[in-house]
$ cat protein28.cif   # mmCIF, C-alpha atoms
data_entry
#
loop_
_atom_site.label_atom_id
_atom_site.label_comp_id
_atom_site.auth_asym_id
_atom_site.auth_seq_id
_atom_site.Cartn_x
_atom_site.Cartn_y
_atom_site.Cartn_z
CA MET V 1 24.98 -19.54 -54.21
CA PHE V 2 27.82 -17.49 -55.71
CA TYR V 3 27.88 -19.71 -58.78
CA GLU V 4 24.15 -19.31 -59.35
CA LEU V 5 24.31 -15.54 -58.98
CA VAL V 6 27.45 -14.93 -60.98
CA VAL V 7 27.59 -17.64 -63.62
CA SER V 8 24.01 -18.79 -64.09
CA GLN V 9 22.28 -15.45 -63.78
CA PHE V 10 24.89 -13.30 -65.56
CA THR V 11 25.04 -15.81 -68.41
CA LYS V 12 21.26 -15.69 -68.71
CA MET V 13 21.17 -11.88 -68.68
CA LEU V 14 23.97 -11.60 -71.24
CA GLY V 15 22.01 -14.01 -73.43
CA ASN V 16 18.95 -11.79 -73.00
CA LEU V 17 21.10 -8.82 -73.98
CA LEU V 18 22.10 -10.64 -77.17
CA ALA V 19 18.43 -11.18 -77.98
CA ILE V 20 17.65 -7.52 -77.28
CA LEU V 21 20.46 -6.47 -79.60
CA ASP V 22 18.97 -8.72 -82.28
CA GLU V 23 15.70 -6.81 -81.84
CA ALA V 24 17.65 -3.57 -82.27
CA ALA V 25 19.10 -4.83 -85.56
CA LYS V 26 15.66 -5.89 -86.74
CA TYR V 27 14.23 -2.49 -85.82
CA ALA V 28 17.01 -0.63 -87.63
CA GLY V 29 16.43 -2.78 -90.70
CA GLU V 30 12.69 -2.15 -90.67
CA LYS V 31 13.20 1.60 -90.26
CA GLN V 32 16.07 1.57 -92.78
CA PHE V 33 18.84 3.12 -90.74
CA ASP V 34 22.28 1.93 -89.68
CA VAL V 35 22.14 0.00 -86.40
CA GLY V 36 25.38 1.82 -85.51
CA VAL V 37 23.22 4.83 -84.70
CA LEU V 38 21.71 2.85 -81.83
CA LEU V 39 25.13 1.63 -80.67
CA GLN V 40 26.21 5.24 -80.21
CA SER V 41 22.93 6.36 -78.60
CA ARG V 42 22.74 7.34 -74.96
CA LEU V 43 19.98 8.40 -72.60
CA VAL V 44 21.65 11.67 -71.64
CA PRO V 45 24.78 13.43 -72.91
CA ASP V 46 26.93 12.62 -69.87
CA GLN V 47 26.11 8.91 -69.77
CA PHE V 48 27.80 6.07 -71.64
CA SER V 49 26.57 5.05 -75.08
CA LEU V 50 24.84 1.72 -75.66
CA MET V 51 28.15 0.26 -76.89
CA ARG V 52 29.95 1.28 -73.71
CA GLN V 53 27.09 0.05 -71.51
CA VAL V 54 27.45 -3.40 -73.07
CA GLN V 55 31.24 -3.35 -72.73
CA VAL V 56 31.02 -2.45 -69.04
CA ALA V 57 28.33 -5.08 -68.38
CA CYS V 58 30.64 -7.67 -69.93
CA ASP V 59 33.63 -6.47 -67.93
CA THR V 60 31.64 -6.48 -64.71
CA ALA V 61 30.49 -10.06 -65.30
CA LYS V 62 33.86 -11.51 -66.28
CA LEU V 63 35.99 -9.59 -63.78
CA GLY V 64 33.48 -10.06 -60.98
CA ALA V 65 33.62 -13.82 -61.51
CA ALA V 66 37.40 -13.80 -61.88
CA ARG V 67 37.99 -11.79 -58.72
CA LEU V 68 35.58 -13.91 -56.70
CA ALA V 69 37.24 -17.11 -57.94
CA ASN V 70 40.74 -15.62 -57.59
CA THR V 71 41.50 -16.19 -61.29
CA GLU V 72 41.70 -12.60 -62.49
CA LYS V 73 44.91 -13.27 -64.44
CA ASP V 74 42.99 -15.77 -66.59
CA ALA V 75 40.12 -13.43 -67.49
CA PRO V 76 39.80 -12.56 -71.16
CA VAL V 77 41.04 -9.13 -72.15
CA HIS V 78 38.88 -6.94 -74.35
CA ALA V 79 40.39 -3.76 -75.79
CA ASP V 80 37.07 -1.85 -76.01
CA THR V 81 37.55 -1.40 -79.75
CA GLU V 82 34.22 -2.80 -80.89
CA GLN V 83 32.56 -0.66 -83.55
CA THR V 84 29.83 -2.88 -84.95
CA LEU V 85 26.92 -4.91 -83.70
CA SER V 86 28.62 -8.16 -84.69
CA GLU V 87 31.77 -7.17 -82.79
CA VAL V 88 29.93 -6.31 -79.58
CA LYS V 89 27.85 -9.48 -79.85
CA ALA V 90 31.07 -11.48 -80.21
CA ARG V 91 32.30 -9.85 -77.00
CA ILE V 92 29.15 -10.86 -75.15
CA GLU V 93 29.46 -14.40 -76.49
CA SER V 94 33.10 -14.61 -75.39
CA VAL V 95 32.14 -13.55 -71.86
CA ILE V 96 29.31 -16.09 -71.76
CA SER V 97 31.77 -18.77 -72.85
CA TYR V 98 34.26 -17.66 -70.20
CA LEU V 99 31.62 -17.71 -67.45
CA ARG V 100 30.54 -21.21 -68.45
CA GLY V 101 34.08 -22.38 -67.68
CA PHE V 102 33.53 -21.87 -63.95
CA SER V 103 32.23 -24.51 -61.58
CA PRO V 104 30.51 -24.05 -58.21
CA GLU V 105 33.74 -25.20 -56.54
CA ASP V 106 35.58 -22.21 -58.00
CA PHE V 107 33.59 -19.99 -55.63
CA ALA V 108 34.00 -22.15 -52.50
CA THR V 109 35.99 -19.51 -50.60
CA ALA V 110 34.68 -16.44 -52.42
CA ALA V 111 32.63 -15.03 -49.52
CA GLU V 112 35.66 -14.57 -47.26
CA ARG V 113 38.17 -13.50 -49.92
CA ARG V 114 39.35 -9.88 -49.63
CA ILE V 115 38.90 -8.12 -52.94
CA SER V 116 40.27 -4.82 -54.15
CA GLN V 117 40.50 -2.90 -57.38
CA PRO V 118 43.08 -0.32 -58.44
CA ARG V 119 40.67 2.60 -58.15
CA TRP V 120 39.84 1.64 -54.55
CA LYS V 121 43.34 2.70 -53.43
CA GLU V 122 44.08 -0.51 -51.49
CA LYS V 123 40.71 -0.60 -49.71
CA THR V 124 39.00 -3.98 -49.78
CA LEU V 125 35.62 -5.66 -49.53
CA SER V 126 34.87 -9.21 -48.54
CA GLY V 127 33.82 -11.37 -51.47
CA GLN V 128 30.26 -11.32 -50.20
CA GLU V 129 30.26 -7.52 -49.93
CA PHE V 130 31.91 -7.25 -53.33
CA LEU V 131 29.25 -9.44 -54.95
CA ILE V 132 26.23 -7.93 -53.22
CA GLN V 133 27.22 -4.28 -53.09
CA HIS V 134 29.33 -3.89 -56.22
CA VAL V 135 29.17 -6.64 -58.84
CA ILE V 136 25.43 -7.36 -58.91
CA PRO V 137 24.24 -3.73 -58.86
CA ASN V 138 26.88 -2.62 -61.35
CA PHE V 139 26.09 -5.46 -63.77
CA TYR V 140 22.35 -4.86 -63.68
CA PHE V 141 22.79 -1.09 -63.93
CA HIS V 142 24.61 -1.43 -67.25
CA VAL V 143 22.35 -4.16 -68.68
CA THR V 144 19.26 -2.16 -67.68
CA THR V 145 20.67 1.04 -69.14
CA ALA V 146 21.46 -0.74 -72.42
CA TYR V 147 17.86 -1.98 -72.49
CA ALA V 148 16.57 1.52 -71.65
CA ILE V 149 18.60 3.15 -74.44
CA LEU V 150 17.06 0.80 -76.98
CA ARG V 151 13.57 1.17 -75.56
CA HIS V 152 13.97 4.96 -75.54
CA ASN V 153 14.90 4.82 -79.22
CA GLY V 154 11.77 2.90 -80.15
CA VAL V 155 13.02 -0.68 -80.24
CA GLY V 156 10.04 -2.90 -79.45
CA VAL V 157 11.35 -4.70 -76.40
CA GLY V 158 9.66 -5.11 -73.07
CA LYS V 159 10.10 -6.66 -69.67
CA LYS V 160 9.75 -10.19 -71.08
CA ASN V 161 12.74 -9.53 -73.35
CA TYR V 162 14.73 -8.19 -70.40
CA LEU V 163 13.85 -11.06 -68.06
CA GLY V 164 14.05 -13.79 -70.69
CA ASP V 165 12.74 -17.29 -70.19
CA MET V 166 11.59 -18.16 -66.71
CA PRO V 167 11.80 -21.66 -65.20
CA PHE V 168 8.04 -21.92 -64.72
CA ARG V 169 6.55 -25.25 -63.71
CA GLU V 170 3.04 -26.54 -64.08
CA PRO V 171 0.99 -26.70 -60.88
CA VAL V 172 0.91 -30.14 -59.27
#
$ encode --input "protein28.cif" --output "structure tokens"
Amino acid sequence: MFYELVVSQFTKMLGNLLAILDEAAKYAGEKQFDVGVLLQSRLVPDQFSLMRQVQVACDTAKLGAARLANTEKDAPVHADTEQTLSEVKARIESVISYLRGFSPEDFATAAERRISQPRWKEKTLSGQEFLIQHVIPNFYFHVTTAYAILRHNGVGVGKKNYLGDMPFREPV
């Protein structure tokens, strides 16, 4: 289940975020303003900009997977220097590519693994606690906030853009 939640679902949502950013570029073009304005937009003054929301969503996905699979040293490093839409999209694509390198077996012992982060001052969570109480909510918080910033600024996206394609099946 860890693989499905971390790799499959985060990859899907990052792909949806790419599509939402394409809508932002289209909107900026139609309204004849620099899409960089949207990248620096935020919902409130003390919250991260759209650019930072995307960066943190990417970091949460890649480092969450890496910590759960005990491969943190192999995770890609991003310097948070993106300035343009194409640069931030390349970051998302690199994280999607990284996530696709995992297999279900990589998460075989993830639930029991003890996980810490520097800011936790040596406190730990089990892998299951880490995934459920930290990684998933943090990832969705930043993806949702990125979506909300664009929606707030008039980009014509809706819930279908956020959720993306669903694996619907015809009734039998």
$ resolve_selection --input "protein28.cif" --expression "the PyMOL selection byres ((chain V and resi 12-27) around 8)" --output "CSV table (one decimal) with C-alpha atoms, keeping the file's coordinate frame"
chain,number,residue,atom,x,y,z
V,8,SER,CA,24.0,-18.8,-64.1
V,9,GLN,CA,22.3,-15.4,-63.8
V,10,PHE,CA,24.9,-13.3,-65.6
V,11,THR,CA,25.0,-15.8,-68.4
V,28,ALA,CA,17.0,-0.6,-87.6
V,29,GLY,CA,16.4,-2.8,-90.7
V,30,GLU,CA,12.7,-2.2,-90.7
V,31,LYS,CA,13.2,1.6,-90.3
V,35,VAL,CA,22.1,0.0,-86.4
V,38,LEU,CA,21.7,2.8,-81.8
V,58,CYS,CA,30.6,-7.7,-69.9
V,85,LEU,CA,26.9,-4.9,-83.7
V,89,LYS,CA,27.8,-9.5,-79.8
V,92,ILE,CA,29.2,-10.9,-75.2
V,96,ILE,CA,29.3,-16.1,-71.8
V,143,VAL,CA,22.4,-4.2,-68.7
V,147,TYR,CA,17.9,-2.0,-72.5
V,150,LEU,CA,17.1,0.8,-77.0
V,155,VAL,CA,13.0,-0.7,-80.2
V,156,GLY,CA,10.0,-2.9,-79.4
V,157,VAL,CA,11.4,-4.7,-76.4
V,161,ASN,CA,12.7,-9.5,-73.4
V,162,TYR,CA,14.7,-8.2,-70.4
V,163,LEU,CA,13.8,-11.1,-68.1
V,164,GLY,CA,14.0,-13.8,-70.7
$ closest_residue --input "protein28.cif" --among "V:Ser94, V:Ala66, V:Glu4, V:Gly158" --to "V:His78" --atoms "all atoms listed in the file"
V:Ser94
$ closest_residue --input "protein28.cif" --among "V:Ser97, V:Gln32, V:Thr109, V:Thr124" --to "V:Tyr3" --atoms "all atoms listed in the file"
V:Thr109
$ closest_residue --input "protein28.cif" --among "V:Ala57, V:Gly64, V:Ala111, V:Leu99" --to "V:His134" --atoms "all atoms listed in the file"
V:Gly64
$ resolve_selection --input "protein28.cif" --expression "the PyMOL selection byres ((chain V and resi 130) around 10)" --output "number ranges by chain"
V: 64, 67-68, 110-111, 113-116, 124-129, 131-136
$ write_last_selection --input "protein28.cif" --atoms "C-alpha atoms" --output "PDB file, in the frame of the given file"
ATOM      1  CA  GLY V  64      33.480 -10.060 -60.980  1.00  0.00           C
ATOM      2  CA  ARG V  67      37.990 -11.790 -58.720  1.00  0.00           C
ATOM      3  CA  LEU V  68      35.580 -13.910 -56.700  1.00  0.00           C
ATOM      4  CA  ALA V 110      34.680 -16.440 -52.420  1.00  0.00           C
ATOM      5  CA  ALA V 111      32.630 -15.030 -49.520  1.00  0.00           C
ATOM      6  CA  ARG V 113      38.170 -13.500 -49.920  1.00  0.00           C
ATOM      7  CA  ARG V 114      39.350  -9.880 -49.630  1.00  0.00           C
ATOM      8  CA  ILE V 115      38.900  -8.120 -52.940  1.00  0.00           C
ATOM      9  CA  SER V 116      40.270  -4.820 -54.150  1.00  0.00           C
ATOM     10  CA  THR V 124      39.000  -3.980 -49.780  1.00  0.00           C
ATOM     11  CA  LEU V 125      35.620  -5.660 -49.530  1.00  0.00           C
ATOM     12  CA  SER V 126      34.870  -9.210 -48.540  1.00  0.00           C
ATOM     13  CA  GLY V 127      33.820 -11.370 -51.470  1.00  0.00           C
ATOM     14  CA  GLN V 128      30.260 -11.320 -50.200  1.00  0.00           C
ATOM     15  CA  GLU V 129      30.260  -7.520 -49.930  1.00  0.00           C
ATOM     16  CA  LEU V 131      29.250  -9.440 -54.950  1.00  0.00           C
ATOM     17  CA  ILE V 132      26.230  -7.930 -53.220  1.00  0.00           C
ATOM     18  CA  GLN V 133      27.220  -4.280 -53.090  1.00  0.00           C
ATOM     19  CA  HIS V 134      29.330  -3.890 -56.220  1.00  0.00           C
ATOM     20  CA  VAL V 135      29.170  -6.640 -58.840  1.00  0.00           C
ATOM     21  CA  ILE V 136      25.430  -7.360 -58.910  1.00  0.00           C
TER      22      ILE V 136
END
$ atom_distance --input "protein28.cif" --atom1 "atom CA of V:Pro118" --atom2 "atom CA of V:Phe48"
21.2 Å
$ closest_residue --input "protein28.cif" --among "V:Gln40, V:Trp120, V:Val6, V:Gly154" --to "V:Pro104" --atoms "all atoms listed in the file"
V:Val6
$ resolve_selection --input "protein28.cif" --expression "the PyMOL selection byres ((chain V and resi 149) around 7)" --output "list in words"
Ser41, Arg42, Leu43, Leu50, Thr145, Ala146, Tyr147, Ala148, Leu150, Arg151, His152 and Asn153 of chain V
$ write_last_selection --input "protein28.cif" --atoms "C-alpha atoms" --output "mmCIF file, in the coordinates of the input"
data_model
loop_
_atom_site.group_PDB
_atom_site.id
_atom_site.type_symbol
_atom_site.label_atom_id
_atom_site.label_comp_id
_atom_site.auth_asym_id
_atom_site.auth_seq_id
_atom_site.Cartn_x
_atom_site.Cartn_y
_atom_site.Cartn_z
ATOM 1 C CA SER V 41 22.930 6.360 -78.600
ATOM 2 C CA ARG V 42 22.740 7.340 -74.960
ATOM 3 C CA LEU V 43 19.980 8.400 -72.600
ATOM 4 C CA LEU V 50 24.840 1.720 -75.660
ATOM 5 C CA THR V 145 20.670 1.040 -69.140
ATOM 6 C CA ALA V 146 21.460 -0.740 -72.420
ATOM 7 C CA TYR V 147 17.860 -1.980 -72.490
ATOM 8 C CA ALA V 148 16.570 1.520 -71.650
ATOM 9 C CA LEU V 150 17.060 0.800 -76.980
ATOM 10 C CA ARG V 151 13.570 1.170 -75.560
ATOM 11 C CA HIS V 152 13.970 4.960 -75.540
ATOM 12 C CA ASN V 153 14.900 4.820 -79.220
#
$ atom_distance --input "protein28.cif" --atom1 "atom CA of V:Gln47" --atom2 "atom CA of V:Glu72"
27.5 Å
$ closest_residue --input "protein28.cif" --among "V:Thr81, V:Gln53, V:Asn138, V:Thr71" --to "V:Phe102" --atoms "all atoms listed in the file"
V:Thr71
$ atom_distance --input "protein28.cif" --atom1 "atom CA of V:Arg169" --atom2 "atom CA of V:Ser103"
25.8 Å
$ closest_residue --input "protein28.cif" --among "V:Gln55, V:Asp74, V:Pro45, V:Arg119" --to "V:Glu93" --atoms "all atoms listed in the file"
V:Gln55
$ decode --input "protein28.cif" --residues "stretch 19-171 of chain V" --atoms "C-alpha atoms" --output "CSV table (one decimal), in the first residue's frame"
chain,number,residue,atom,x,y,z
V,19,ALA,CA,-1.4,20.4,-16.2
V,20,ILE,CA,-2.6,23.1,-13.8
V,21,LEU,CA,0.5,25.1,-14.4
V,22,ASP,CA,0.0,24.8,-18.1
V,23,GLU,CA,-3.5,26.3,-17.6
V,24,ALA,CA,-1.8,29.1,-15.6
V,25,ALA,CA,0.5,29.8,-18.6
V,26,LYS,CA,-2.4,29.7,-21.0
V,27,TYR,CA,-4.3,32.2,-18.8
V,28,ALA,CA,-1.4,34.6,-18.5
V,29,GLY,CA,-1.0,34.5,-22.3
V,30,GLU,CA,-4.7,35.2,-22.9
V,31,LYS,CA,-4.6,38.1,-20.4
V,32,GLN,CA,-1.3,39.3,-21.7
V,33,PHE,CA,0.8,39.3,-18.5
V,34,ASP,CA,3.9,37.5,-17.4
V,35,VAL,CA,3.2,34.1,-15.9
V,36,GLY,CA,5.9,35.0,-13.4
V,37,VAL,CA,3.4,37.2,-11.6
V,38,LEU,CA,1.4,34.0,-10.8
V,39,LEU,CA,4.6,32.2,-9.7
V,40,GLN,CA,5.2,34.9,-7.1
V,41,SER,CA,1.5,35.1,-6.0
V,42,ARG,CA,0.3,33.9,-2.6
V,43,LEU,CA,-3.0,33.7,-0.8
V,44,VAL,CA,-1.9,35.8,2.2
V,45,PRO,CA,1.3,37.8,2.9
V,46,ASP,CA,2.7,35.3,5.4
V,47,GLN,CA,2.2,32.2,3.3
V,48,PHE,CA,4.6,30.8,0.7
V,49,SER,CA,4.3,31.9,-3.0
V,50,LEU,CA,3.1,29.5,-5.7
V,51,MET,CA,6.7,28.8,-6.6
V,52,ARG,CA,7.6,27.8,-3.0
V,53,GLN,CA,4.4,25.7,-2.7
V,54,VAL,CA,5.4,23.7,-5.7
V,55,GLN,CA,9.0,23.3,-4.5
V,56,VAL,CA,7.8,22.0,-1.1
V,57,ALA,CA,5.3,19.6,-2.6
V,58,CYS,CA,8.2,18.2,-4.7
V,59,ASP,CA,10.5,17.9,-1.7
V,60,THR,CA,7.8,16.3,0.4
V,61,ALA,CA,7.1,13.7,-2.3
V,62,LYS,CA,10.7,12.8,-3.1
V,63,LEU,CA,12.0,12.9,0.5
V,64,GLY,CA,9.0,11.1,1.9
V,65,ALA,CA,9.6,8.3,-0.6
V,66,ALA,CA,13.3,8.3,0.1
V,67,ARG,CA,12.9,8.2,3.9
V,68,LEU,CA,10.3,5.5,3.7
V,69,ALA,CA,12.5,3.4,1.4
V,70,ASN,CA,15.7,4.2,3.4
V,71,THR,CA,17.4,5.7,0.3
V,72,GLU,CA,17.5,9.4,1.4
V,73,LYS,CA,21.1,9.7,0.2
V,74,ASP,CA,20.0,8.9,-3.3
V,75,ALA,CA,17.3,11.5,-3.5
V,76,PRO,CA,17.8,14.3,-6.0
V,77,VAL,CA,18.9,17.6,-4.7
V,78,HIS,CA,17.1,20.8,-5.8
V,79,ALA,CA,18.6,24.1,-4.8
V,80,ASP,CA,15.3,26.0,-4.8
V,81,THR,CA,16.6,28.4,-7.4
V,82,GLU,CA,13.8,28.1,-9.9
V,83,GLN,CA,12.6,31.4,-11.3
V,84,THR,CA,10.5,30.5,-14.3
V,85,LEU,CA,7.6,28.3,-15.2
V,86,SER,CA,9.8,26.0,-17.3
V,87,GLU,CA,12.3,25.6,-14.5
V,88,VAL,CA,9.7,24.7,-11.9
V,89,LYS,CA,8.0,22.3,-14.3
V,90,ALA,CA,11.4,20.6,-14.9
V,91,ARG,CA,11.7,20.2,-11.1
V,92,ILE,CA,8.3,18.5,-11.0
V,93,GLU,CA,9.2,16.3,-13.9
V,94,SER,CA,12.5,15.3,-12.2
V,95,VAL,CA,10.6,14.3,-9.1
V,96,ILE,CA,8.1,12.3,-11.1
V,97,SER,CA,11.0,10.5,-12.8
V,98,TYR,CA,12.6,9.8,-9.4
V,99,LEU,CA,9.4,8.4,-7.9
V,100,ARG,CA,9.0,6.1,-10.9
V,101,GLY,CA,12.3,4.5,-10.0
V,102,PHE,CA,10.8,2.9,-6.9
V,103,SER,CA,9.2,-0.5,-6.8
V,104,PRO,CA,6.7,-1.9,-4.3
V,105,GLU,CA,9.6,-3.9,-2.7
V,106,ASP,CA,11.4,-0.7,-1.8
V,107,PHE,CA,8.7,-0.1,0.8
V,108,ALA,CA,8.6,-3.6,2.2
V,109,THR,CA,9.8,-2.6,5.7
V,110,ALA,CA,8.6,1.1,5.6
V,111,ALA,CA,5.8,0.8,8.1
V,112,GLU,CA,8.2,-0.3,11.0
V,113,ARG,CA,11.2,1.9,10.0
V,114,ARG,CA,11.9,4.7,12.5
V,115,ILE,CA,12.1,8.1,10.7
V,116,SER,CA,13.4,11.4,11.9
V,117,GLN,CA,14.2,14.8,10.4
V,118,PRO,CA,16.7,17.3,11.6
V,119,ARG,CA,14.0,19.8,12.8
V,120,TRP,CA,12.5,17.0,15.0
V,121,LYS,CA,15.5,17.1,17.3
V,122,GLU,CA,16.0,13.3,17.3
V,123,LYS,CA,12.3,12.5,17.9
V,124,THR,CA,11.0,9.8,15.5
V,125,LEU,CA,7.9,8.4,14.0
V,126,SER,CA,7.2,5.0,12.7
V,127,GLY,CA,7.1,4.8,8.9
V,128,GLN,CA,3.4,4.4,9.0
V,129,GLU,CA,3.0,7.4,11.3
V,130,PHE,CA,5.3,9.4,9.1
V,131,LEU,CA,3.4,8.6,6.0
V,132,ILE,CA,-0.1,9.1,7.4
V,133,GLN,CA,0.5,12.0,9.8
V,134,HIS,CA,3.2,13.9,8.0
V,135,VAL,CA,4.0,13.1,4.4
V,136,ILE,CA,0.4,12.7,3.0
V,137,PRO,CA,-1.1,15.8,4.7
V,138,ASN,CA,2.0,17.9,3.9
V,139,PHE,CA,2.1,16.9,0.3
V,140,TYR,CA,-1.6,17.6,-0.3
V,141,PHE,CA,-1.5,20.9,1.7
V,142,HIS,CA,1.1,22.3,-0.7
V,143,VAL,CA,-0.5,20.9,-3.9
V,144,THR,CA,-3.9,22.2,-2.8
V,145,THR,CA,-2.5,25.6,-1.9
V,146,ALA,CA,-0.8,25.9,-5.3
V,147,TYR,CA,-4.1,25.1,-6.9
V,148,ALA,CA,-5.9,27.6,-4.7
V,149,ILE,CA,-3.4,30.4,-5.5
V,150,LEU,CA,-4.1,29.9,-9.2
V,151,ARG,CA,-7.8,29.6,-8.7
V,152,HIS,CA,-7.8,32.8,-6.6
V,153,ASN,CA,-6.0,34.6,-9.3
V,154,GLY,CA,-8.6,33.7,-11.9
V,155,VAL,CA,-7.0,30.7,-13.6
V,156,GLY,CA,-9.9,28.6,-14.9
V,157,VAL,CA,-9.2,25.3,-13.1
V,158,GLY,CA,-11.6,23.2,-11.1
V,159,LYS,CA,-11.8,20.1,-9.1
V,160,LYS,CA,-11.5,17.9,-12.3
V,161,ASN,CA,-8.1,19.5,-13.0
V,162,TYR,CA,-7.1,18.9,-9.4
V,163,LEU,CA,-8.2,15.3,-9.3
V,164,GLY,CA,-7.1,14.4,-12.8
V,165,ASP,CA,-8.2,11.3,-14.7
V,166,MET,CA,-10.0,8.8,-12.6
V,167,PRO,CA,-9.9,5.0,-13.3
V,168,PHE,CA,-13.6,4.7,-14.0
V,169,ARG,CA,-15.0,1.5,-15.4
V,170,GLU,CA,-18.2,0.8,-17.2
V,171,PRO,CA,-20.9,-1.0,-15.3
